[in-house]
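What follows is one structure encoded as structure tokens, with my remarks underneath.
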Amino acid sequence: MENQSEEATEDKQEMFVAKVPSSEEIASASDVERLEYQLSQMPDGYFPTEHLFLPGMYLRKIFMPAGSLLTSMKHKTRHPFLIESGKLRVMDQTGVVDYEAPVLGITEAGTKRVLYIYEDTIWATFHANPENISDPDKMVEYLTHPNENPLFDKDDPRISSWKKDRYNKKEPVLMKNLDKNNTNNSGGELS
């Protein structure tokens with residue numbers, strides 16, 4: 001029965017008719033919003049993510065394969081990040097920076113990034129979790145602003161592609177293999 005509900009969800013997403021933005025909406029959208037819209041016309045990327053919840057703390061680790069181009073959500077909080085492995089270019093409101101792991105940095109509140117991944121990259125973030133939220137979807141909603149890109153319908157499933165169930169079948173196997181092959185392990189497995 002679980003497979004039937006997953007198939008129904010996938011069918012619903014495939015049947016969704018995307019909004020066709022008007023020329024006025026396209027003209028008034030930011031460069032990043034236009035890029036997000038263009039990226040949505042391409043096949044989905046695969047960015048498996050692991051979550052670790054501790055009392056008062058949330059850690060997230062994301063794998064981004066080489067050749068990927070993606071945008072982040074807009075962050076509500078100031079928090080540390082660690083680029084554990086890889087090489088990438090990042091554009092945000094402060095400019096463009098090339099990073100090569102290892103990198104320890106700070107994400108400022110209000111940051112929304114465009115990332116181009118040169119080499120397979122693992123990026124980890126560390127967040128205060130004073131409400132001890134233990135659901136990844138609720139945590140993302142707590143930490144980031146809703147994507148209000150005017151070029152998308154608010155019900156468009158591509159707007160919430162970070163939802164935890166999106167890759168639930170493939171994620172554990174990929175991340176276990178990734179951890180086995182990662183020589184720059186940051187000190188432990190996230191689960």
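Identifiers in the structure tokens: chain A, B, ... in order shown; residue index from 1 per chain; ligand index from 1 in order shown.
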Give me, as a Markdown table, each residue of segment 72-122 of chain A that comes within 6 Å of segment 131-145 of chain A, together with its shortest interatomic pair and the distance in Å at one decimal, counting only C-alpha atoms, with rows ordered by chain and rising residue number.
```
| residue | atom | partner | partner_atom | distance |
| --- | --- | --- | --- | --- |
| A:Lys74 | CA | A:Thr144 | CA | 5.5 |
| A:His75 | CA | A:Thr144 | CA | 4.5 |
| A:Lys76 | CA | A:Thr144 | CA | 5.1 |
```
Store the residues picked out above in a file with N, CA and C atoms, as a PDB file, in the first residue's frame.
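In the end it all went to selection16.pdb:
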```pdb
ATOM      1  N   LYS A  74      16.416  30.791   0.789  1.00  0.00           N
ATOM      2  CA  LYS A  74      16.856  32.013   1.465  1.00  0.00           C
ATOM      3  C   LYS A  74      16.845  31.745   2.975  1.00  0.00           C
ATOM      4  N   HIS A  75      18.011  31.891   3.599  1.00  0.00           N
ATOM      5  CA  HIS A  75      18.193  31.536   5.013  1.00  0.00           C
ATOM      6  C   HIS A  75      17.657  32.608   5.966  1.00  0.00           C
ATOM      7  N   LYS A  76      17.015  32.166   7.039  1.00  0.00           N
ATOM      8  CA  LYS A  76      16.517  33.075   8.077  1.00  0.00           C
ATOM      9  C   LYS A  76      17.571  33.351   9.142  1.00  0.00           C
TER      10      LYS A  76
END
```
Contacts of Thr94 of chain A at 12 Å (only C-alpha atoms; same-chain gap of 2+ positions) as a ChimeraX atom specification: /A:90-92,96-97,107-108,110-114
Quick one: residues within 6 Å of Leu59 of chain A, only C-alpha atoms counted, chain neighbours fewer than 2 positions away excluded, as an NGL selection string? :A and (51-52 or 125-126)
Need the shell around Lys61 of chain A: protein/DNA/RNA residues with any atom at most 8 Å away, counting only C-alpha atoms. Skip same-chain ones fewer than 2 positions apart. Format as a list in words?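 Using only C-alpha atoms, the neighbours found are Thr49, Glu50, His51, Leu59, Phe63, Ile122, Trp123, Ala124, Thr125 and Leu190 of chain A.
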DSSP on the backbone: what in segment 86-137 of chain A comes out strand (DSSP E or B), as a VMD selection string? chain A and resid 86 to 92 95 to 100 103 to 107 114 to 129
Keeping C-alpha atoms for every residue in the selection just given, could you write it to a file as a PDB file, in the first residue's frame?
```pdb
ATOM      1  CA  GLY A  86      34.838  19.213  -3.236  1.00  0.00           C
ATOM      2  CA  LYS A  87      35.264  22.360  -5.276  1.00  0.00           C
ATOM      3  CA  LEU A  88      32.533  24.816  -6.262  1.00  0.00           C
ATOM      4  CA  ARG A  89      31.684  28.393  -7.252  1.00  0.00           C
ATOM      5  CA  VAL A  90      29.171  30.291  -5.124  1.00  0.00           C
ATOM      6  CA  MET A  91      27.337  33.491  -5.993  1.00  0.00           C
ATOM      7  CA  ASP A  92      25.319  35.385  -3.403  1.00  0.00           C
ATOM      8  CA  GLY A  95      29.650  38.453  -4.854  1.00  0.00           C
ATOM      9  CA  VAL A  96      31.206  35.347  -6.389  1.00  0.00           C
ATOM     10  CA  VAL A  97      33.640  33.076  -4.535  1.00  0.00           C
ATOM     11  CA  ASP A  98      35.372  29.838  -5.533  1.00  0.00           C
ATOM     12  CA  TYR A  99      35.718  27.345  -2.682  1.00  0.00           C
ATOM     13  CA  GLU A 100      37.889  24.253  -2.425  1.00  0.00           C
ATOM     14  CA  VAL A 103      36.279  25.410   4.152  1.00  0.00           C
ATOM     15  CA  LEU A 104      34.644  26.571   7.379  1.00  0.00           C
ATOM     16  CA  GLY A 105      32.427  29.620   7.016  1.00  0.00           C
ATOM     17  CA  ILE A 106      29.377  31.538   8.155  1.00  0.00           C
ATOM     18  CA  THR A 107      26.075  31.892   6.306  1.00  0.00           C
ATOM     19  CA  VAL A 114      23.607  30.050  -6.682  1.00  0.00           C
ATOM     20  CA  LEU A 115      26.115  27.178  -6.723  1.00  0.00           C
ATOM     21  CA  TYR A 116      28.030  25.578  -9.572  1.00  0.00           C
ATOM     22  CA  ILE A 117      29.710  22.325  -8.521  1.00  0.00           C
ATOM     23  CA  TYR A 118      33.103  21.669 -10.171  1.00  0.00           C
ATOM     24  CA  GLU A 119      33.861  18.485  -8.188  1.00  0.00           C
ATOM     25  CA  ASP A 120      31.584  16.246  -6.113  1.00  0.00           C
ATOM     26  CA  THR A 121      30.969  18.300  -2.971  1.00  0.00           C
ATOM     27  CA  ILE A 122      29.777  17.608   0.558  1.00  0.00           C
ATOM     28  CA  TRP A 123      28.437  20.691   2.369  1.00  0.00           C
ATOM     29  CA  ALA A 124      27.349  20.525   6.018  1.00  0.00           C
ATOM     30  CA  THR A 125      25.418  23.142   7.978  1.00  0.00           C
ATOM     31  CA  PHE A 126      24.965  23.526  11.729  1.00  0.00           C
ATOM     32  CA  HIS A 127      21.876  25.141  13.253  1.00  0.00           C
ATOM     33  CA  ALA A 128      20.478  26.013  16.646  1.00  0.00           C
ATOM     34  CA  ASN A 129      17.265  24.080  17.220  1.00  0.00           C
TER      35      ASN A 129
END
```
Quick check, in Å to one decimal: how far apart do atom CA of Phe47 of chain A and atom CA of Pro65 of chain A lie?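 Straight-line distance from atom CA of Phe47 of chain A to atom CA of Pro65 of chain A works out to 7.4 Å.
As for atom CA of Pro130 of chain A and atom CA of Ala109 of chain A, they are spaced 17.1 Å apart.
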